[in-house]
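Everything below belongs to data_4.cif, which stores mmCIF, C-alpha atoms.
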```cif
data_coords
#
loop_
_atom_site.label_atom_id
_atom_site.label_comp_id
_atom_site.auth_asym_id
_atom_site.auth_seq_id
_atom_site.Cartn_x
_atom_site.Cartn_y
_atom_site.Cartn_z
CA MET A 25 27.90 178.85 -57.36
CA GLU A 26 30.27 178.21 -60.24
CA GLU A 27 28.83 175.93 -62.84
CA VAL A 28 30.91 172.81 -63.39
CA LYS A 29 30.95 172.01 -67.05
CA GLU A 30 31.46 168.39 -68.04
CA GLN A 31 34.27 168.29 -70.53
CA THR A 32 34.12 165.89 -73.41
CA PRO A 33 37.61 164.47 -73.87
CA SER A 34 38.99 164.88 -77.35
CA LEU A 35 39.03 161.50 -79.03
CA PRO A 36 41.54 160.25 -81.56
CA ARG A 37 40.25 160.62 -85.09
CA LEU A 38 40.88 158.80 -88.34
CA GLY A 39 43.87 160.05 -90.28
CA GLU A 40 45.51 161.58 -87.21
CA PRO A 41 48.62 160.32 -85.40
CA ALA A 42 47.81 157.79 -82.68
CA PRO A 43 48.32 159.27 -79.20
CA PRO A 44 51.76 158.18 -77.94
CA PHE A 45 52.00 156.13 -74.75
CA GLU A 46 54.39 154.25 -72.54
CA ALA A 47 52.61 151.49 -70.67
CA VAL A 48 53.22 148.56 -68.37
CA THR A 49 52.17 145.36 -70.12
CA THR A 50 52.36 141.61 -69.65
CA HIS A 51 55.45 141.74 -71.93
CA GLY A 52 57.21 144.57 -70.10
CA VAL A 53 57.10 148.32 -70.65
CA ILE A 54 56.03 149.10 -74.19
CA LYS A 55 55.87 152.41 -76.04
CA LEU A 56 53.68 153.06 -79.04
CA GLU A 57 56.82 153.92 -81.02
CA ASP A 58 58.08 150.34 -80.49
CA TYR A 59 55.55 149.36 -83.16
CA LYS A 60 56.83 151.76 -85.84
CA GLY A 61 57.02 149.93 -89.15
CA SER A 62 54.31 147.42 -88.14
CA TRP A 63 50.57 147.83 -88.16
CA LEU A 64 48.99 147.62 -84.73
CA ILE A 65 45.56 146.69 -83.44
CA LEU A 66 45.17 148.31 -80.02
CA PHE A 67 42.02 146.95 -78.40
CA SER A 68 40.42 147.31 -75.01
CA HIS A 69 38.25 144.93 -73.05
CA PRO A 70 36.12 145.65 -69.96
CA ALA A 71 37.75 143.31 -67.46
CA ASP A 72 39.79 140.14 -66.98
CA PHE A 73 38.03 136.92 -65.94
CA THR A 74 34.78 137.88 -67.67
CA PRO A 75 33.03 135.60 -70.13
CA VAL A 76 32.69 137.66 -73.33
CA CYS A 77 36.24 139.01 -72.98
CA THR A 78 37.58 135.49 -72.60
CA THR A 79 35.91 134.40 -75.85
CA GLU A 80 37.33 137.48 -77.55
CA PHE A 81 40.87 136.84 -76.35
CA ILE A 82 40.71 133.28 -77.62
CA ALA A 83 39.43 134.61 -80.95
CA PHE A 84 42.16 137.28 -81.15
CA ALA A 85 44.78 134.62 -80.40
CA GLU A 86 43.33 132.47 -83.19
CA ILE A 87 43.61 135.22 -85.82
CA TYR A 88 47.05 136.36 -84.61
CA PRO A 89 48.97 134.20 -87.14
CA GLU A 90 46.85 135.67 -89.96
CA LEU A 91 47.51 139.17 -88.64
CA GLN A 92 51.24 138.51 -88.46
CA LYS A 93 51.21 137.47 -92.13
CA ARG A 94 49.86 140.96 -92.83
CA GLY A 95 52.48 142.68 -90.66
CA VAL A 96 50.00 143.43 -87.88
CA GLU A 97 50.62 143.17 -84.12
CA LEU A 98 48.01 142.96 -81.36
CA LEU A 99 48.00 144.86 -78.08
CA GLY A 100 45.20 144.43 -75.54
CA LEU A 101 44.24 146.81 -72.73
CA SER A 102 42.06 146.95 -69.66
CA VAL A 103 42.22 148.80 -66.35
CA ASP A 104 43.21 145.61 -64.50
CA SER A 105 46.67 145.02 -63.02
CA VAL A 106 49.49 143.07 -64.65
CA SER A 107 49.06 140.35 -62.01
CA SER A 108 45.40 140.03 -62.94
CA HIS A 109 46.26 139.88 -66.67
CA ILE A 110 48.91 137.22 -66.04
CA ALA A 111 46.55 135.14 -63.89
CA TRP A 112 43.81 135.42 -66.51
CA VAL A 113 45.91 134.46 -69.55
CA ARG A 114 47.37 131.54 -67.59
CA ASN A 115 43.82 130.49 -66.69
CA VAL A 116 42.69 130.76 -70.32
CA GLU A 117 45.60 128.55 -71.39
CA GLU A 118 44.93 126.04 -68.61
CA LYS A 119 41.20 125.79 -69.33
CA THR A 120 41.15 126.06 -73.13
CA GLY A 121 44.69 125.25 -74.30
CA VAL A 122 44.92 128.63 -76.06
CA LYS A 123 48.08 130.64 -75.32
CA ILE A 124 47.62 134.40 -75.52
CA PRO A 125 50.69 135.46 -77.51
CA PHE A 126 50.33 139.24 -77.46
CA PRO A 127 50.87 141.78 -74.64
CA ILE A 128 48.11 143.36 -72.57
CA ILE A 129 48.40 146.86 -71.11
CA ALA A 130 47.65 147.20 -67.40
CA ASP A 131 46.09 150.65 -67.56
CA LEU A 132 45.44 151.08 -63.85
CA ASN A 133 45.79 154.87 -64.00
CA LYS A 134 43.64 155.02 -67.18
CA GLU A 135 46.26 157.09 -68.98
CA VAL A 136 46.04 155.18 -72.24
CA SER A 137 42.30 154.53 -72.08
CA THR A 138 41.66 158.23 -71.51
CA ALA A 139 43.93 159.28 -74.39
CA TYR A 140 42.06 156.88 -76.68
CA GLY A 141 38.55 157.56 -75.35
CA MET A 142 38.00 153.98 -74.26
CA VAL A 143 35.85 154.66 -71.20
CA HIS A 144 32.26 155.50 -72.11
CA PRO A 145 30.49 156.46 -68.87
CA GLY A 146 27.08 155.70 -70.38
CA GLN A 147 28.20 152.06 -70.56
CA SER A 148 30.46 151.90 -67.51
CA LYS A 149 32.23 154.53 -65.45
CA THR A 150 34.99 152.14 -64.40
CA GLU A 151 35.59 149.78 -67.32
CA THR A 152 36.75 150.28 -70.89
CA VAL A 153 34.29 149.40 -73.63
CA ARG A 154 35.30 147.10 -76.48
CA CYS A 155 37.36 149.45 -78.67
CA VAL A 156 39.51 148.56 -81.64
CA PHE A 157 42.05 151.06 -83.00
CA ILE A 158 43.74 150.04 -86.22
CA ILE A 159 47.01 151.96 -86.46
CA ASP A 160 49.17 151.75 -89.57
CA ASP A 161 52.92 151.35 -89.90
CA LYS A 162 53.36 155.14 -89.78
CA GLN A 163 51.34 155.26 -86.52
CA ILE A 164 48.31 156.93 -88.12
CA ILE A 165 44.85 155.85 -86.94
CA ARG A 166 43.16 154.18 -89.89
CA ALA A 167 40.01 152.64 -88.40
CA ILE A 168 38.14 152.72 -85.10
CA LEU A 169 35.47 150.31 -83.89
CA TYR A 170 33.45 150.56 -80.70
CA TYR A 171 31.39 147.63 -79.43
CA PRO A 172 29.21 147.70 -76.32
CA LEU A 173 29.96 145.62 -73.24
CA THR A 174 27.46 142.93 -74.19
CA THR A 175 28.63 142.27 -77.75
CA GLY A 176 31.78 140.33 -78.57
CA ARG A 177 33.76 141.52 -81.56
CA ASN A 178 33.78 139.96 -85.01
CA MET A 179 37.30 138.82 -85.95
CA ASP A 180 36.37 138.31 -89.62
CA GLU A 181 35.48 141.98 -89.86
CA ILE A 182 38.73 143.05 -88.21
CA LEU A 183 40.75 140.95 -90.67
CA ARG A 184 38.59 142.25 -93.52
CA ILE A 185 39.29 145.88 -92.56
CA ILE A 186 43.04 145.19 -92.46
CA ASP A 187 42.87 143.54 -95.90
CA ALA A 188 40.78 146.39 -97.28
CA LEU A 189 43.06 149.13 -95.92
CA GLN A 190 46.23 147.42 -97.11
CA THR A 191 44.68 146.76 -100.53
CA SER A 192 43.60 150.39 -100.83
CA ASP A 193 47.08 151.60 -99.85
CA ALA A 194 48.87 149.29 -102.27
CA ASN A 195 46.62 149.96 -105.27
CA ALA A 196 45.11 153.43 -104.76
CA VAL A 197 41.57 152.03 -104.88
CA ALA A 198 38.59 151.80 -102.55
CA THR A 199 36.65 148.70 -101.57
CA PRO A 200 32.88 148.31 -101.89
CA ALA A 201 30.39 147.07 -99.31
CA ASN A 202 31.04 143.53 -98.11
CA TRP A 203 34.31 143.41 -100.08
CA ARG A 204 36.51 140.39 -99.58
CA PRO A 205 40.02 139.79 -100.93
CA GLY A 206 39.71 138.70 -104.56
CA ASP A 207 36.54 140.71 -105.18
CA LYS A 208 36.50 143.64 -107.58
CA VAL A 209 37.61 146.99 -106.16
CA VAL A 210 36.24 150.47 -106.77
CA VAL A 211 38.22 152.79 -109.03
CA PRO A 212 38.47 156.31 -107.55
CA PRO A 213 35.84 158.50 -109.22
CA PRO A 214 36.99 160.99 -111.87
CA ASN A 215 37.29 164.58 -110.80
CA THR A 216 36.87 166.36 -114.11
CA GLN A 217 34.14 166.24 -116.74
CA GLU A 218 36.67 165.08 -119.33
CA MET A 219 37.76 162.17 -117.16
CA ALA A 220 34.12 161.29 -116.52
CA GLU A 221 33.48 161.09 -120.28
CA GLU A 222 36.55 158.91 -120.79
CA ARG A 223 35.59 156.44 -118.07
CA LYS A 224 33.35 154.31 -120.29
CA ASN A 225 36.22 153.21 -122.51
CA GLN A 226 38.83 152.37 -119.91
CA GLY A 227 38.06 148.67 -119.55
CA TYR A 228 36.41 148.88 -116.15
CA GLU A 229 33.12 147.29 -115.10
CA TYR A 230 31.15 150.46 -115.82
CA ILE A 231 27.97 151.08 -113.84
CA ASP A 232 28.15 154.83 -114.30
CA TRP A 233 30.91 157.43 -114.53
CA TYR A 234 31.21 157.64 -110.75
CA LEU A 235 31.00 153.89 -110.04
CA CYS A 236 33.49 151.71 -111.87
CA LYS A 237 35.04 148.50 -110.62
CA LYS A 238 38.04 146.45 -111.67
CA LYS A 239 39.80 143.21 -110.79
CA LEU A 240 43.22 143.58 -109.28
CA MET B 28 61.39 143.73 -66.31
CA ALA B 29 60.66 141.55 -69.29
CA CYS B 30 64.28 140.82 -70.17
CA ILE B 31 65.90 140.49 -66.78
CA SER B 32 64.49 138.51 -63.85
CA PRO B 33 64.49 139.99 -60.36
CA ASP B 34 67.54 137.78 -59.60
CA GLY B 35 69.48 139.59 -62.34
CA LYS B 36 69.46 136.68 -64.78
CA PRO B 37 68.18 137.29 -68.31
CA THR B 38 64.82 135.81 -69.22
CA ALA B 39 64.56 133.58 -72.29
CA SER B 40 63.81 136.57 -74.53
CA GLY B 41 66.52 138.68 -72.87
CA GLY B 42 68.99 135.84 -73.43
CA ARG B 43 68.05 135.61 -77.11
CA MET B 44 68.71 139.32 -77.54
CA LEU B 45 72.06 139.15 -75.75
CA ALA B 46 73.03 136.11 -77.83
CA ALA B 47 72.11 137.98 -81.02
CA LEU B 48 74.61 140.69 -80.06
CA LYS B 49 77.52 138.32 -79.46
CA GLY B 50 78.68 138.74 -83.06
CA GLY B 51 78.97 142.52 -82.78
CA PRO B 52 76.78 145.62 -83.05
CA ARG B 53 73.32 145.02 -84.54
CA SER B 54 70.25 147.14 -85.20
CA ALA B 55 66.92 146.30 -83.55
CA GLU B 56 65.69 145.01 -86.91
CA GLU B 57 68.70 142.70 -87.27
CA ILE B 58 68.26 141.42 -83.72
CA ALA B 59 64.56 140.74 -84.38
CA LYS B 60 65.47 138.77 -87.49
CA SER B 61 68.17 136.65 -85.87
CA SER B 62 66.39 136.12 -82.54
CA GLY B 63 62.94 135.44 -84.01
CA LEU B 64 61.39 137.93 -81.58
CA PRO B 65 58.85 140.52 -82.77
CA LEU B 66 60.42 143.91 -83.46
CA PHE B 67 58.36 145.66 -80.75
CA ARG B 68 59.65 143.18 -78.15
CA VAL B 69 63.22 143.78 -79.26
CA ARG B 70 62.88 147.57 -79.09
CA SER B 71 61.29 147.38 -75.66
CA GLY B 72 63.83 144.79 -74.49
CA LEU B 73 66.83 146.78 -75.72
CA ARG B 74 65.59 149.74 -73.70
CA GLU B 75 65.62 147.55 -70.58
CA LEU B 76 68.98 145.97 -71.33
CA THR B 77 70.48 149.43 -71.91
CA GLN B 78 68.98 150.77 -68.67
CA ALA B 79 70.47 147.76 -66.88
CA GLY B 80 73.90 148.57 -68.34
CA LEU B 81 74.10 145.37 -70.40
CA THR B 82 73.94 147.03 -73.82
CA SER B 83 74.60 150.47 -75.23
CA ALA B 84 73.33 152.25 -78.31
CA LYS B 85 75.52 153.79 -81.02
CA GLY B 86 73.32 155.43 -83.63
CA ASP B 87 70.80 152.79 -84.65
CA LYS B 88 73.04 149.87 -83.55
CA TYR B 89 73.28 148.20 -80.17
CA GLU B 90 76.28 146.44 -78.66
CA LEU B 91 77.06 144.48 -75.51
CA SER B 92 78.72 146.25 -72.59
CA PRO B 93 81.57 144.36 -70.85
CA GLU B 94 79.01 143.20 -68.26
CA GLY B 95 76.54 142.23 -70.99
CA LYS B 96 79.26 140.30 -72.82
CA LYS B 97 80.10 138.39 -69.63
CA LEU B 98 76.43 137.53 -69.19
CA ALA B 99 75.98 136.57 -72.85
CA ASP B 100 79.04 134.29 -72.72
CA SER B 101 77.68 132.54 -69.64
CA LEU B 102 74.40 131.59 -71.35
#
```
Go ahead and render the structure in this file as structure tokens.
Amino acid sequence: MEEVKEQTPSLPRLGEPAPPFEAVTTHGVIKLEDYKGSWLILFSHPADFTPVCTTEFIAFAEIYPELQKRGVELLGLSVDSVSSHIAWVRNVEEKTGVKIPFPIIADLNKEVSTAYGMVHPGQSKTETVRCVFIIDDKQIIRAILYYPLTTGRNMDEILRIIDALQTSDANAVATPANWRPGDKVVVPPPNTQEMAEERKNQGYEYIDWYLCKKKL
Amino acid sequence: MACISPDGKPTASGGRMLAALKGGPRSAEEIAKSSGLPLFRVRSGLRELTQAGLTSAKGDKYELSPEGKKLADSL
């Protein structure tokens, strides 16, 4: 008998172009390329009308104005139908007063969730886990987060990652652990011995030649 | 369709895009700016309006078709 090998789907990776898609959403048919020039947070949730997802959608809606200030759009996804999405967002608005301002993909055929590796059979064979793909204005994947079904996402961290990535891009620096806007940033380490020797006298907060910080 | 209702009438966002084109050909970016709609919505909406024969694309600019102009004037 021929052995059936389980294939691991190739997942999008950091620094690679985001897989293109054309999808039915609550705001009409949207293509990934419609977001060119904007940053995009593509995120999946397990199912409509579920408690943790509802708290997350309210939280995403609450940070949406802050994201827009940073040139970032939001796009949700689950394997539910458009009718289900519409009924759910209307219910959220009716019960909580929060309007969901961003589109949600109805990925009934799992085309997008498969391309992005959003279904993790160890968690659920039918639902998407809580994924976050941060895609930059050139449609390159810049950060990926996966949360399990039981754990709602942290919006502060999502905003922090956006701030960190955009700060790194604008200033050619890195950001240290627990960095927040306004904190010192990390100067890229020198790559020659001469540069390493010169580091001490360049006005940075000097911990050692490979770890220097500065205020922006 | 997000821009055109099943009865053939433009939705609020479709109407804003058609109205933005009344002054002549505009790019998606210009339509987004004048209509106040997000750029992704405009790009997606223009695709629908073009498929419906209400707009046409010339390079990176869009303009109203005679039918689109009639509809835009009636709004």
To one decimal in Å, tell me the separation between CA of Ala201 (chain A) and CA of Ala83 (chain A).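 Taking CA of Ala201 (chain A) as the start and CA of Ala83 (chain A) as the end point, the length is 24.0 Å.
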d(CA of Ala220 (chain A), CA of Lys238 (chain A)) in Å: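 Pair CA of Ala220 (chain A) / CA of Lys238 (chain A) returns 16.1 Å.
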So what does the PyMOL selection byres ((chain A) within 10 of (chain B)) actually pick up in this one, as a PyMOL selection string? chain A and resi 48-62+92+97+127
Do you know which residues the PyMOL selection byres ((chain A and resi 148) around 12) returns on this file, as a ChimeraX atom specification? /A:69-71,142-147,149-154,172-174
For Arg166 (chain A), work out the shell of residues within 10 Å, counting only C-alpha atoms and skipping chain neighbours fewer than 4 positions away, then give it as a PyMOL selection string. chain A and resi 37-42+63+157-160+185-186+189
